[in-house]
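This is coords_22.pdb. It holds PDB, C-alpha atoms, pLDDT in the B column.
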ATOM      1  CA  MET H   1       0.000   0.000   0.000  1.00 42.00           C
ATOM      2  CA  ASN H   2       2.844   2.404   0.820  1.00 46.00           C
ATOM      3  CA  GLN H   3       4.672   1.795  -2.440  1.00 50.00           C
ATOM      4  CA  PHE H   4       4.580   4.857  -4.692  1.00 54.00           C
ATOM      5  CA  GLN H   5       3.459   3.740  -8.134  1.00 65.00           C
ATOM      6  CA  PRO H   6       2.596   6.588 -10.498  1.00 67.00           C
ATOM      7  CA  ASN H   7       1.056   5.806 -13.854  1.00 66.00           C
ATOM      8  CA  THR H   8       3.620   5.103 -16.549  1.00 60.00           C
ATOM      9  CA  SER H   9       2.171   7.740 -18.903  1.00 65.00           C
ATOM     10  CA  PHE H  10       0.130  10.908 -18.496  1.00 72.00           C
ATOM     11  CA  SER H  11      -3.529  10.800 -19.501  1.00 81.00           C
ATOM     12  CA  LEU H  12      -6.334  13.357 -19.405  1.00 87.00           C
ATOM     13  CA  PHE H  13      -8.724  10.489 -18.760  1.00 92.00           C
ATOM     14  CA  PRO H  14      -6.810   7.856 -16.745  1.00 94.00           C
ATOM     15  CA  PRO H  15      -8.726   4.600 -16.184  1.00 95.00           C
ATOM     16  CA  GLY H  16      -9.822   5.259 -12.597  1.00 96.00           C
ATOM     17  CA  VAL H  17     -11.314   8.666 -13.311  1.00 97.00           C
ATOM     18  CA  LYS H  18     -12.786   7.475 -16.614  1.00 97.00           C
ATOM     19  CA  ASN H  19     -14.547   4.522 -15.001  1.00 97.00           C
ATOM     20  CA  LEU H  20     -15.881   6.646 -12.133  1.00 98.00           C
ATOM     21  CA  LEU H  21     -17.263   9.187 -14.610  1.00 97.00           C
ATOM     22  CA  PHE H  22     -18.875   6.398 -16.623  1.00 97.00           C
ATOM     23  CA  ILE H  23     -20.406   4.596 -13.632  1.00 97.00           C
ATOM     24  CA  ASN H  24     -21.795   7.784 -12.097  1.00 97.00           C
ATOM     25  CA  GLY H  25     -23.167   8.910 -15.453  1.00 95.00           C
ATOM     26  CA  ILE H  26     -24.889   5.607 -16.201  1.00 95.00           C
ATOM     27  CA  ILE H  27     -26.445   5.381 -12.739  1.00 95.00           C
ATOM     28  CA  PHE H  28     -27.719   8.946 -13.048  1.00 95.00           C
ATOM     29  CA  LEU H  29     -29.271   8.281 -16.446  1.00 93.00           C
ATOM     30  CA  VAL H  30     -31.151   5.200 -15.255  1.00 92.00           C
ATOM     31  CA  THR H  31     -32.307   6.636 -11.927  1.00 92.00           C
ATOM     32  CA  LYS H  32     -33.168  10.270 -12.701  1.00 88.00           C
ATOM     33  CA  SER H  33     -35.338  12.128 -15.168  1.00 84.00           C
ATOM     34  CA  ILE H  34     -32.959  14.775 -16.518  1.00 76.00           C
ATOM     35  CA  PHE H  35     -35.630  17.318 -17.420  1.00 73.00           C
ATOM     36  CA  THR H  36     -37.664  17.150 -14.205  1.00 76.00           C
ATOM     37  CA  SER H  37     -34.942  16.063 -11.703  1.00 78.00           C
ATOM     38  CA  GLU H  38     -37.338  13.407 -10.363  1.00 86.00           C
ATOM     39  CA  TRP H  39     -36.542   9.768  -9.701  1.00 87.00           C
ATOM     40  CA  THR H  40     -37.477   7.361 -12.486  1.00 86.00           C
ATOM     41  CA  LEU H  41     -39.090   4.018 -11.641  1.00 80.00           C
ATOM     42  CA  ILE H  42     -35.645   2.476 -11.175  1.00 85.00           C
ATOM     43  CA  GLY H  43     -34.631   5.416  -8.981  1.00 85.00           C
ATOM     44  CA  GLN H  44     -37.764   5.131  -6.866  1.00 85.00           C
ATOM     45  CA  ILE H  45     -36.939   1.494  -6.233  1.00 84.00           C
ATOM     46  CA  GLY H  46     -33.213   1.929  -5.668  1.00 84.00           C
ATOM     47  CA  ALA H  47     -32.938   5.262  -3.852  1.00 85.00           C
ATOM     48  CA  PRO H  48     -34.443   4.088  -0.529  1.00 88.00           C
ATOM     49  CA  PHE H  49     -31.827   1.334  -0.352  1.00 93.00           C
ATOM     50  CA  LEU H  50     -28.807   3.125  -1.795  1.00 94.00           C
ATOM     51  CA  SER H  51     -29.093   6.665  -0.369  1.00 95.00           C
ATOM     52  CA  LEU H  52     -27.358   7.393   2.931  1.00 96.00           C
ATOM     53  CA  TYR H  53     -30.045   7.532   5.628  1.00 95.00           C
ATOM     54  CA  PRO H  54     -29.526   8.618   9.256  1.00 94.00           C
ATOM     55  CA  ILE H  55     -28.772   5.649  11.509  1.00 91.00           C
ATOM     56  CA  GLY H  56     -31.883   6.090  13.646  1.00 86.00           C
ATOM     57  CA  SER H  57     -34.239   6.474  10.687  1.00 89.00           C
ATOM     58  CA  GLY H  58     -34.910   2.756  10.331  1.00 87.00           C
ATOM     59  CA  ALA H  59     -33.875   2.958   6.672  1.00 92.00           C
ATOM     60  CA  PHE H  60     -30.097   2.816   7.142  1.00 95.00           C
ATOM     61  CA  PHE H  61     -28.100  -0.129   5.762  1.00 96.00           C
ATOM     62  CA  PRO H  62     -24.280  -0.473   6.020  1.00 96.00           C
ATOM     63  CA  TRP H  63     -23.726  -0.560   2.245  1.00 97.00           C
ATOM     64  CA  GLN H  64     -25.168   2.953   1.955  1.00 97.00           C
ATOM     65  CA  ILE H  65     -21.822   4.281   3.217  1.00 97.00           C
ATOM     66  CA  VAL H  66     -20.485   3.474  -0.261  1.00 97.00           C
ATOM     67  CA  SER H  67     -23.577   3.348  -2.490  1.00 96.00           C
ATOM     68  CA  TYR H  68     -24.669   6.934  -1.719  1.00 96.00           C
ATOM     69  CA  MET H  69     -21.619   8.191  -3.617  1.00 96.00           C
ATOM     70  CA  PHE H  70     -23.060   7.021  -6.921  1.00 96.00           C
ATOM     71  CA  LEU H  71     -26.455   8.741  -6.654  1.00 95.00           C
ATOM     72  CA  HIS H  72     -27.055  12.417  -7.460  1.00 93.00           C
ATOM     73  CA  GLY H  73     -29.984  14.747  -6.982  1.00 89.00           C
ATOM     74  CA  ASP H  74     -30.107  16.607 -10.270  1.00 90.00           C
ATOM     75  CA  LEU H  75     -28.124  17.515 -13.375  1.00 90.00           C
ATOM     76  CA  SER H  76     -26.215  20.407 -11.809  1.00 90.00           C
ATOM     77  CA  HIS H  77     -25.318  18.223  -8.805  1.00 92.00           C
ATOM     78  CA  ILE H  78     -23.719  15.498 -10.883  1.00 94.00           C
ATOM     79  CA  PHE H  79     -22.151  17.923 -13.385  1.00 93.00           C
ATOM     80  CA  PHE H  80     -20.178  19.897 -10.811  1.00 91.00           C
ATOM     81  CA  ASN H  81     -19.160  16.778  -8.880  1.00 93.00           C
ATOM     82  CA  LEU H  82     -17.912  14.942 -11.960  1.00 95.00           C
ATOM     83  CA  PHE H  83     -16.283  18.043 -13.425  1.00 93.00           C
ATOM     84  CA  ALA H  84     -14.292  18.513 -10.201  1.00 92.00           C
ATOM     85  CA  LEU H  85     -13.503  14.791 -10.124  1.00 96.00           C
ATOM     86  CA  TRP H  86     -12.020  15.021 -13.607  1.00 96.00           C
ATOM     87  CA  ILE H  87     -10.172  18.331 -13.127  1.00 92.00           C
ATOM     88  CA  PHE H  88      -8.459  17.349  -9.879  1.00 94.00           C
ATOM     89  CA  GLY H  89      -8.697  13.564 -10.022  1.00 96.00           C
ATOM     90  CA  GLN H  90      -6.755  13.002 -13.234  1.00 95.00           C
ATOM     91  CA  ALA H  91      -3.750  14.853 -11.777  1.00 94.00           C
ATOM     92  CA  ILE H  92      -3.828  12.746  -8.606  1.00 96.00           C
ATOM     93  CA  GLU H  93      -4.326   9.456 -10.443  1.00 96.00           C
ATOM     94  CA  ASN H  94      -1.465  10.194 -12.832  1.00 94.00           C
ATOM     95  CA  LEU H  95       0.754  10.989  -9.846  1.00 93.00           C
ATOM     96  CA  TRP H  96      -0.274   8.168  -7.491  1.00 94.00           C
ATOM     97  CA  GLY H  97      -1.375   5.447  -9.852  1.00 93.00           C
ATOM     98  CA  THR H  98      -4.854   4.063 -10.464  1.00 94.00           C
ATOM     99  CA  ARG H  99      -4.990   1.536  -7.606  1.00 94.00           C
ATOM    100  CA  ARG H 100      -4.080   3.998  -4.855  1.00 96.00           C
ATOM    101  CA  PHE H 101      -6.287   6.689  -6.368  1.00 97.00           C
ATOM    102  CA  LEU H 102      -9.381   4.451  -6.383  1.00 97.00           C
ATOM    103  CA  ILE H 103      -8.757   3.182  -2.839  1.00 97.00           C
ATOM    104  CA  TYR H 104      -8.324   6.771  -1.658  1.00 98.00           C
ATOM    105  CA  TYR H 105     -11.484   7.895  -3.467  1.00 98.00           C
ATOM    106  CA  LEU H 106     -13.656   5.151  -1.943  1.00 98.00           C
ATOM    107  CA  LEU H 107     -12.187   5.539   1.551  1.00 98.00           C
ATOM    108  CA  THR H 108     -12.633   9.309   1.610  1.00 97.00           C
ATOM    109  CA  GLY H 109     -16.209   8.940   0.372  1.00 97.00           C
ATOM    110  CA  ALA H 110     -17.009   6.293   2.988  1.00 97.00           C
ATOM    111  CA  GLY H 111     -15.151   8.236   5.666  1.00 97.00           C
ATOM    112  CA  ALA H 112     -17.085  11.373   4.772  1.00 96.00           C
ATOM    113  CA  ALA H 113     -20.331   9.432   5.238  1.00 96.00           C
ATOM    114  CA  ILE H 114     -19.289   8.158   8.679  1.00 96.00           C
ATOM    115  CA  PHE H 115     -18.085  11.622   9.720  1.00 95.00           C
ATOM    116  CA  TYR H 116     -21.358  13.178   8.563  1.00 94.00           C
ATOM    117  CA  MET H 117     -23.505  10.552  10.318  1.00 95.00           C
ATOM    118  CA  GLY H 118     -21.600  11.073  13.552  1.00 94.00           C
ATOM    119  CA  VAL H 119     -22.098  14.835  13.485  1.00 92.00           C
ATOM    120  CA  ASN H 120     -25.718  14.346  12.448  1.00 93.00           C
ATOM    121  CA  MET H 121     -26.395  12.076  15.440  1.00 94.00           C
ATOM    122  CA  ILE H 122     -24.916  14.665  17.807  1.00 93.00           C
ATOM    123  CA  GLU H 123     -27.100  17.376  16.273  1.00 92.00           C
ATOM    124  CA  ILE H 124     -30.223  15.188  16.478  1.00 93.00           C
ATOM    125  CA  ASN H 125     -29.617  14.460  20.175  1.00 94.00           C
ATOM    126  CA  MET H 126     -29.080  18.151  20.901  1.00 94.00           C
ATOM    127  CA  LEU H 127     -32.277  19.086  19.087  1.00 94.00           C
ATOM    128  CA  LYS H 128     -34.157  16.288  20.839  1.00 94.00           C
ATOM    129  CA  GLY H 129     -33.027  17.561  24.230  1.00 95.00           C
ATOM    130  CA  GLU H 130     -34.094  21.086  23.333  1.00 95.00           C
ATOM    131  CA  LEU H 131     -37.508  19.895  22.124  1.00 95.00           C
ATOM    132  CA  MET H 132     -38.083  17.770  25.224  1.00 94.00           C
ATOM    133  CA  SER H 133     -37.339  20.820  27.363  1.00 94.00           C
ATOM    134  CA  MET H 134     -40.110  22.551  25.372  1.00 93.00           C
ATOM    135  CA  GLY H 135     -42.600  19.848  26.368  1.00 91.00           C
ATOM    136  CA  TYR H 136     -42.328  17.281  23.553  1.00 92.00           C
ATOM    137  CA  SER H 137     -42.051  13.617  24.562  1.00 93.00           C
ATOM    138  CA  SER H 138     -39.906  10.979  22.849  1.00 91.00           C
ATOM    139  CA  THR H 139     -43.090   9.415  21.466  1.00 91.00           C
ATOM    140  CA  ASP H 140     -44.189  12.778  20.051  1.00 90.00           C
ATOM    141  CA  LEU H 141     -40.873  13.213  18.267  1.00 92.00           C
ATOM    142  CA  GLU H 142     -40.932   9.669  16.865  1.00 89.00           C
ATOM    143  CA  ASN H 143     -44.411  10.306  15.498  1.00 90.00           C
ATOM    144  CA  TYR H 144     -43.329  13.561  13.852  1.00 89.00           C
ATOM    145  CA  ALA H 145     -40.356  11.812  12.260  1.00 87.00           C
ATOM    146  CA  ARG H 146     -42.637   9.092  10.842  1.00 85.00           C
ATOM    147  CA  LEU H 147     -44.953  11.561   9.108  1.00 80.00           C
ATOM    148  CA  GLY H 148     -42.666  11.707   6.060  1.00 70.00           C
ATOM    149  CA  GLY H 149     -42.911  15.461   5.660  1.00 79.00           C
ATOM    150  CA  ILE H 150     -42.125  18.783   7.318  1.00 85.00           C
ATOM    151  CA  SER H 151     -44.651  21.550   7.912  1.00 85.00           C
ATOM    152  CA  ARG H 152     -43.686  25.208   7.848  1.00 87.00           C
ATOM    153  CA  ASP H 153     -46.077  25.712  10.752  1.00 90.00           C
ATOM    154  CA  TRP H 154     -43.830  23.695  13.049  1.00 91.00           C
ATOM    155  CA  PRO H 155     -41.245  25.429  15.255  1.00 91.00           C
ATOM    156  CA  SER H 156     -37.877  25.703  13.510  1.00 90.00           C
ATOM    157  CA  THR H 157     -36.265  23.375  16.055  1.00 92.00           C
ATOM    158  CA  LEU H 158     -38.811  20.672  15.270  1.00 93.00           C
ATOM    159  CA  GLN H 159     -38.290  21.166  11.525  1.00 91.00           C
ATOM    160  CA  GLN H 160     -34.542  20.729  11.965  1.00 90.00           C
ATOM    161  CA  PHE H 161     -35.015  17.628  14.128  1.00 93.00           C
ATOM    162  CA  VAL H 162     -37.275  15.890  11.611  1.00 92.00           C
ATOM    163  CA  TYR H 163     -35.104  16.931   8.652  1.00 90.00           C
ATOM    164  CA  LYS H 164     -31.930  15.560  10.211  1.00 91.00           C
ATOM    165  CA  SER H 165     -33.713  12.403  11.397  1.00 93.00           C
ATOM    166  CA  VAL H 166     -35.189  11.222   8.103  1.00 91.00           C
ATOM    167  CA  VAL H 167     -33.696  13.007   5.063  1.00 90.00           C
ATOM    168  CA  PRO H 168     -31.083  10.930   3.160  1.00 93.00           C
ATOM    169  CA  THR H 169     -27.844  12.136   1.602  1.00 94.00           C
ATOM    170  CA  VAL H 170     -26.595  11.389  -1.925  1.00 95.00           C
ATOM    171  CA  GLY H 171     -23.652  12.431  -4.043  1.00 94.00           C
ATOM    172  CA  ALA H 172     -19.920  12.024  -4.592  1.00 95.00           C
ATOM    173  CA  SER H 173     -19.079  15.347  -2.931  1.00 93.00           C
ATOM    174  CA  GLY H 174     -17.370  13.809   0.109  1.00 94.00           C
ATOM    175  CA  ALA H 175     -14.976  11.809  -2.079  1.00 96.00           C
ATOM    176  CA  VAL H 176     -14.486  14.773  -4.423  1.00 95.00           C
ATOM    177  CA  PHE H 177     -13.503  16.983  -1.488  1.00 94.00           C
ATOM    178  CA  GLY H 178     -11.005  14.292  -0.531  1.00 96.00           C
ATOM    179  CA  ILE H 179      -9.546  14.521  -4.038  1.00 96.00           C
ATOM    180  CA  LEU H 180      -9.473  18.313  -3.758  1.00 94.00           C
ATOM    181  CA  LEU H 181      -7.524  18.013  -0.490  1.00 95.00           C
ATOM    182  CA  ALA H 182      -5.039  15.654  -2.144  1.00 96.00           C
ATOM    183  CA  PHE H 183      -4.581  18.099  -5.036  1.00 95.00           C
ATOM    184  CA  GLY H 184      -3.889  20.932  -2.603  1.00 94.00           C
ATOM    185  CA  MET H 185      -1.297  18.843  -0.748  1.00 94.00           C
ATOM    186  CA  MET H 186       0.418  17.391  -3.836  1.00 95.00           C
ATOM    187  CA  PHE H 187       0.341  20.567  -5.951  1.00 93.00           C
ATOM    188  CA  PRO H 188       0.169  23.341  -3.326  1.00 92.00           C
ATOM    189  CA  ASN H 189       1.486  26.128  -5.533  1.00 91.00           C
ATOM    190  CA  ARG H 190      -0.417  25.257  -8.694  1.00 90.00           C
ATOM    191  CA  TYR H 191      -2.917  27.967  -9.522  1.00 89.00           C
ATOM    192  CA  ILE H 192      -6.653  27.333  -9.644  1.00 86.00           C
ATOM    193  CA  PHE H 193      -8.734  29.891 -11.516  1.00 81.00           C
ATOM    194  CA  LEU H 194     -12.032  30.877  -9.955  1.00 70.00           C
ATOM    195  CA  MET H 195     -14.489  31.251 -12.824  1.00 66.00           C
ATOM    196  CA  PHE H 196     -16.571  34.153 -11.565  1.00 65.00           C
ATOM    197  CA  PRO H 197     -14.450  36.275 -11.748  1.00 70.00           C
ATOM    198  CA  PRO H 198     -11.393  34.386 -13.136  1.00 77.00           C
ATOM    199  CA  ILE H 199      -9.053  35.087 -10.215  1.00 84.00           C
ATOM    200  CA  PRO H 200      -5.966  32.851  -9.800  1.00 88.00           C
ATOM    201  CA  ILE H 201      -5.429  31.349  -6.346  1.00 89.00           C
ATOM    202  CA  LYS H 202      -2.888  28.774  -5.212  1.00 92.00           C
ATOM    203  CA  ALA H 203      -4.341  25.328  -4.543  1.00 90.00           C
ATOM    204  CA  LYS H 204      -3.211  25.259  -0.900  1.00 90.00           C
ATOM    205  CA  TYR H 205      -5.073  28.484  -0.150  1.00 92.00           C
ATOM    206  CA  PHE H 206      -8.107  27.395  -2.162  1.00 88.00           C
ATOM    207  CA  VAL H 207      -8.447  24.189  -0.131  1.00 90.00           C
ATOM    208  CA  ALA H 208      -7.936  26.001   3.188  1.00 89.00           C
ATOM    209  CA  ILE H 209     -10.560  28.634   2.352  1.00 87.00           C
ATOM    210  CA  TYR H 210     -13.006  26.000   1.150  1.00 82.00           C
ATOM    211  CA  GLY H 211     -12.528  24.023   4.366  1.00 84.00           C
ATOM    212  CA  VAL H 212     -13.325  27.074   6.509  1.00 86.00           C
ATOM    213  CA  ILE H 213     -16.383  27.856   4.372  1.00 82.00           C
ATOM    214  CA  GLU H 214     -17.707  24.307   4.766  1.00 79.00           C
ATOM    215  CA  LEU H 215     -17.180  24.395   8.537  1.00 78.00           C
ATOM    216  CA  LEU H 216     -18.966  27.734   8.930  1.00 79.00           C
ATOM    217  CA  SER H 217     -21.734  26.645   6.559  1.00 78.00           C
ATOM    218  CA  GLY H 218     -22.245  23.390   8.451  1.00 72.00           C
ATOM    219  CA  LEU H 219     -22.590  25.282  11.722  1.00 72.00           C
ATOM    220  CA  SER H 220     -24.901  28.001  10.423  1.00 69.00           C
ATOM    221  CA  ARG H 221     -26.878  26.583   7.475  1.00 61.00           C
ATOM    222  CA  THR H 222     -28.370  23.552   9.182  1.00 59.00           C
ATOM    223  CA  ASN H 223     -31.296  23.058   6.772  1.00 60.00           C
ATOM    224  CA  SER H 224     -29.623  24.112   3.532  1.00 61.00           C
ATOM    225  CA  GLY H 225     -30.071  20.698   1.890  1.00 64.00           C
ATOM    226  CA  ILE H 226     -26.270  20.457   1.486  1.00 76.00           C
ATOM    227  CA  ALA H 227     -24.270  18.001   3.596  1.00 78.00           C
ATOM    228  CA  HIS H 228     -21.509  20.434   4.547  1.00 81.00           C
ATOM    229  CA  PHE H 229     -20.103  18.107   7.201  1.00 83.00           C
ATOM    230  CA  ALA H 230     -19.796  15.328   4.611  1.00 88.00           C
ATOM    231  CA  HIS H 231     -17.638  17.705   2.550  1.00 89.00           C
ATOM    232  CA  LEU H 232     -15.610  18.555   5.625  1.00 91.00           C
ATOM    233  CA  GLY H 233     -15.363  14.846   6.434  1.00 92.00           C
ATOM    234  CA  GLY H 234     -13.861  14.195   2.993  1.00 94.00           C
ATOM    235  CA  LEU H 235     -11.161  16.785   3.715  1.00 94.00           C
ATOM    236  CA  VAL H 236     -10.423  15.378   7.175  1.00 94.00           C
ATOM    237  CA  VAL H 237     -10.291  11.733   6.073  1.00 96.00           C
ATOM    238  CA  GLY H 238      -8.216  12.609   3.006  1.00 96.00           C
ATOM    239  CA  PHE H 239      -5.661  14.419   5.168  1.00 96.00           C
ATOM    240  CA  ALA H 240      -5.521  11.487   7.598  1.00 97.00           C
ATOM    241  CA  LEU H 241      -4.969   8.959   4.784  1.00 97.00           C
ATOM    242  CA  ILE H 242      -2.175  10.964   3.164  1.00 96.00           C
ATOM    243  CA  LYS H 243      -0.415  11.248   6.515  1.00 95.00           C
ATOM    244  CA  LEU H 244      -1.040   7.565   7.360  1.00 96.00           C
ATOM    245  CA  TRP H 245       0.287   6.415   3.985  1.00 94.00           C
ATOM    246  CA  LYS H 246       3.197   8.899   4.295  1.00 92.00           C
ATOM    247  CA  ILE H 247       2.673  10.201   0.788  1.00 91.00           C
ATOM    248  CA  LYS H 248       5.056  13.040  -0.015  1.00 86.00           C
ATOM    249  CA  ARG H 249       4.560  15.530  -2.783  1.00 82.00           C
ATOM    250  CA  PRO H 250       7.232  15.485  -5.498  1.00 76.00           C
ATOM    251  CA  GLN H 251       9.973  18.039  -4.940  1.00 71.00           C
ATOM    252  CA  MET H 252       9.168  19.727  -8.234  1.00 64.00           C
ATOM    253  CA  TYR H 253       5.818  20.836  -6.763  1.00 56.00           C
ATOM    254  CA  ALA H 254       7.133  21.961  -3.346  1.00 52.00           C
TER     255      ALA H 254
END

What does this structure look like when you write it as structure tokens?
Amino acid sequence: MNQFQPNTSFSLFPPGVKNLLFINGIIFLVTKSIFTSEWTLIGQIGAPFLSLYPIGSGAFFPWQIVSYMFLHGDLSHIFFNLFALWIFGQAIENLWGTRRFLIYYLLTGAGAAIFYMGVNMIEINMLKGELMSMGYSSTDLENYARLGGISRDWPSTLQQFVYKSVVPTVGASGAVFGILLAFGMMFPNRYIFLMFPPIPIKAKYFVAIYGVIELLSGLSRTNSGIAHFAHLGGLVVGFALIKLWKIKRPQMYA
């Protein structure tokens, strides 16, 4: 595992990235209606088993820690995830080799899921305690969670509790953020151009800023519909793996 084995030749579409793009694209096409962003019949059957559900929801299965990575909510969701995977992933795969790249991708995605579920459980317990102090019983809260919907008439704390208790997570973002972290550590001084406006910023600063944004967003935007702590988990797990595997960036990129 610790042996450094870069690919023998450079490729814009190395096999690991190419296969991940293909698999994600095919799964999206068979599970989603592109024009309405709704689940197709196959998606309606598969999503409840493959999406990442909260542990206490009654719909969680262990394989969801991996399977959620290959489902996406809509066209923009999958486009930006796969675009980032290609932009940053091909550089990492060419540098590390396909085997290590794929192992890293899957581990950061799974690690992001575990990190997110852990934070989510802490938040649910905190919200539950707050609601019980307001007069709700455990039975009341279980009944609200089983309703399958959220009413705007409910107190915001109750809305957050139900949302975090039952709403699943999908997408490759956790693994993609792990790849982004690897890019920032392997090519720290390579410039990334922000598109709007096109401002150049070094990769190491880009990753650091993004990490702070995700942390602040996770703490403040609790019902945004974006799993900010899964993104942050991808960064944390990616950093831990690179340190554990003792991967050093090439001197030419120092």

Could you put an axis-aligned box around every listed atom of segment 151-161 of chain H, padded by 8 Å on each side, and send me its centre and edge lengths in Å to one decimal, as JSON?
{"center_x": -40.3, "center_y": 21.7, "center_z": 12.0, "size_x": 27.5, "size_y": 24.1, "size_z": 24.2}

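Atom CA of Lys204 of chain H is found 24.7 Å from atom CA of Arg99 of chain H.
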
Could you list the residues chosen by the PyMOL selection byres ((chain H and resi 167) around 12) in this structure as a ChimeraX atom specification? /H:47-48,51-60,117,120,145-146,148-150,159-166,168-170,223-227

If we count all atoms listed in the file and set the cut-off at 12 Å, which residues sit around segment 198-201 of chain H, ignoring sequence neighbours fewer than 5 positions away in its own chain? Please answer as an MDAnalysis selection string. chainID H and resid 184 188:193 206:210

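Atom pair atom CA of Lys32 of chain H / atom CA of Leu71 of chain H: separated by 9.2 Å.
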
With distances taken over all atoms listed in the file, which residue among H:Ala230, H:Leu12, H:Ala182, H:Ala203 lies nearest Phe101 of chain H? H:Ala182

For Leu181 of chain H: contacts at 7 Å, all atoms listed in the file, fewer than 5 positions along chain excluded, given as a PDB file with C-alpha atoms, in the coordinates of the input:
ATOM      1  CA  VAL H 207      -8.447  24.189  -0.131  1.00 90.00           C
ATOM      2  CA  LEU H 235     -11.161  16.785   3.715  1.00 94.00           C
ATOM      3  CA  GLY H 238      -8.216  12.609   3.006  1.00 96.00           C
ATOM      4  CA  PHE H 239      -5.661  14.419   5.168  1.00 96.00           C
TER       5      PHE H 239
END

Looking at all atoms listed in the file, which of H:Gly211, H:Ser156, H:Phe177, H:Ile45 is the one that sits closest to Gly109 of chain H?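 Using all atoms listed in the file, the shortest distance to Gly109 of chain H belongs to H:Phe177.
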
Starting from the displayed file, determine the output of the PyMOL selection byres ((chain H and resi 249) around 6) and express the residue list as a VMD selection string. chain H and resid 186 248 250

Minimum-distance residue to Ile78 of chain H, chosen among H:Ile114, H:Leu158, H:Ile213, H:Val176 (using only C-alpha atoms):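 Smallest distance to Ile78 of chain H is found for H:Val176.
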
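Reported to one decimal place, the separation of atom CA of Ile247 of chain H from atom CA of Phe88 of chain H is 17.0 Å.
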
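Residues surrounding Asp74 of chain H within 8 Å are Lys32, Ile34, Ser37 and Glu38 of chain H [all atoms listed in the file; sequence separation below 6 positions excluded].
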
Residues as selected, C-alpha atoms, written as an mmCIF file, keeping the file's coordinate frame, can you do that?
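out.cif written:
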data_model
loop_
_atom_site.group_PDB
_atom_site.id
_atom_site.type_symbol
_atom_site.label_atom_id
_atom_site.label_comp_id
_atom_site.auth_asym_id
_atom_site.auth_seq_id
_atom_site.Cartn_x
_atom_site.Cartn_y
_atom_site.Cartn_z
ATOM 1 C CA LYS H 32 -33.168 10.270 -12.701
ATOM 2 C CA ILE H 34 -32.959 14.775 -16.518
ATOM 3 C CA SER H 37 -34.942 16.063 -11.703
ATOM 4 C CA GLU H 38 -37.338 13.407 -10.363
#

Expected residue set, 12 Å radius at (-35.4, 19.5, 22.6), only C-alpha atoms, as number ranges by chain: H: 123-138, 140-141, 155-162
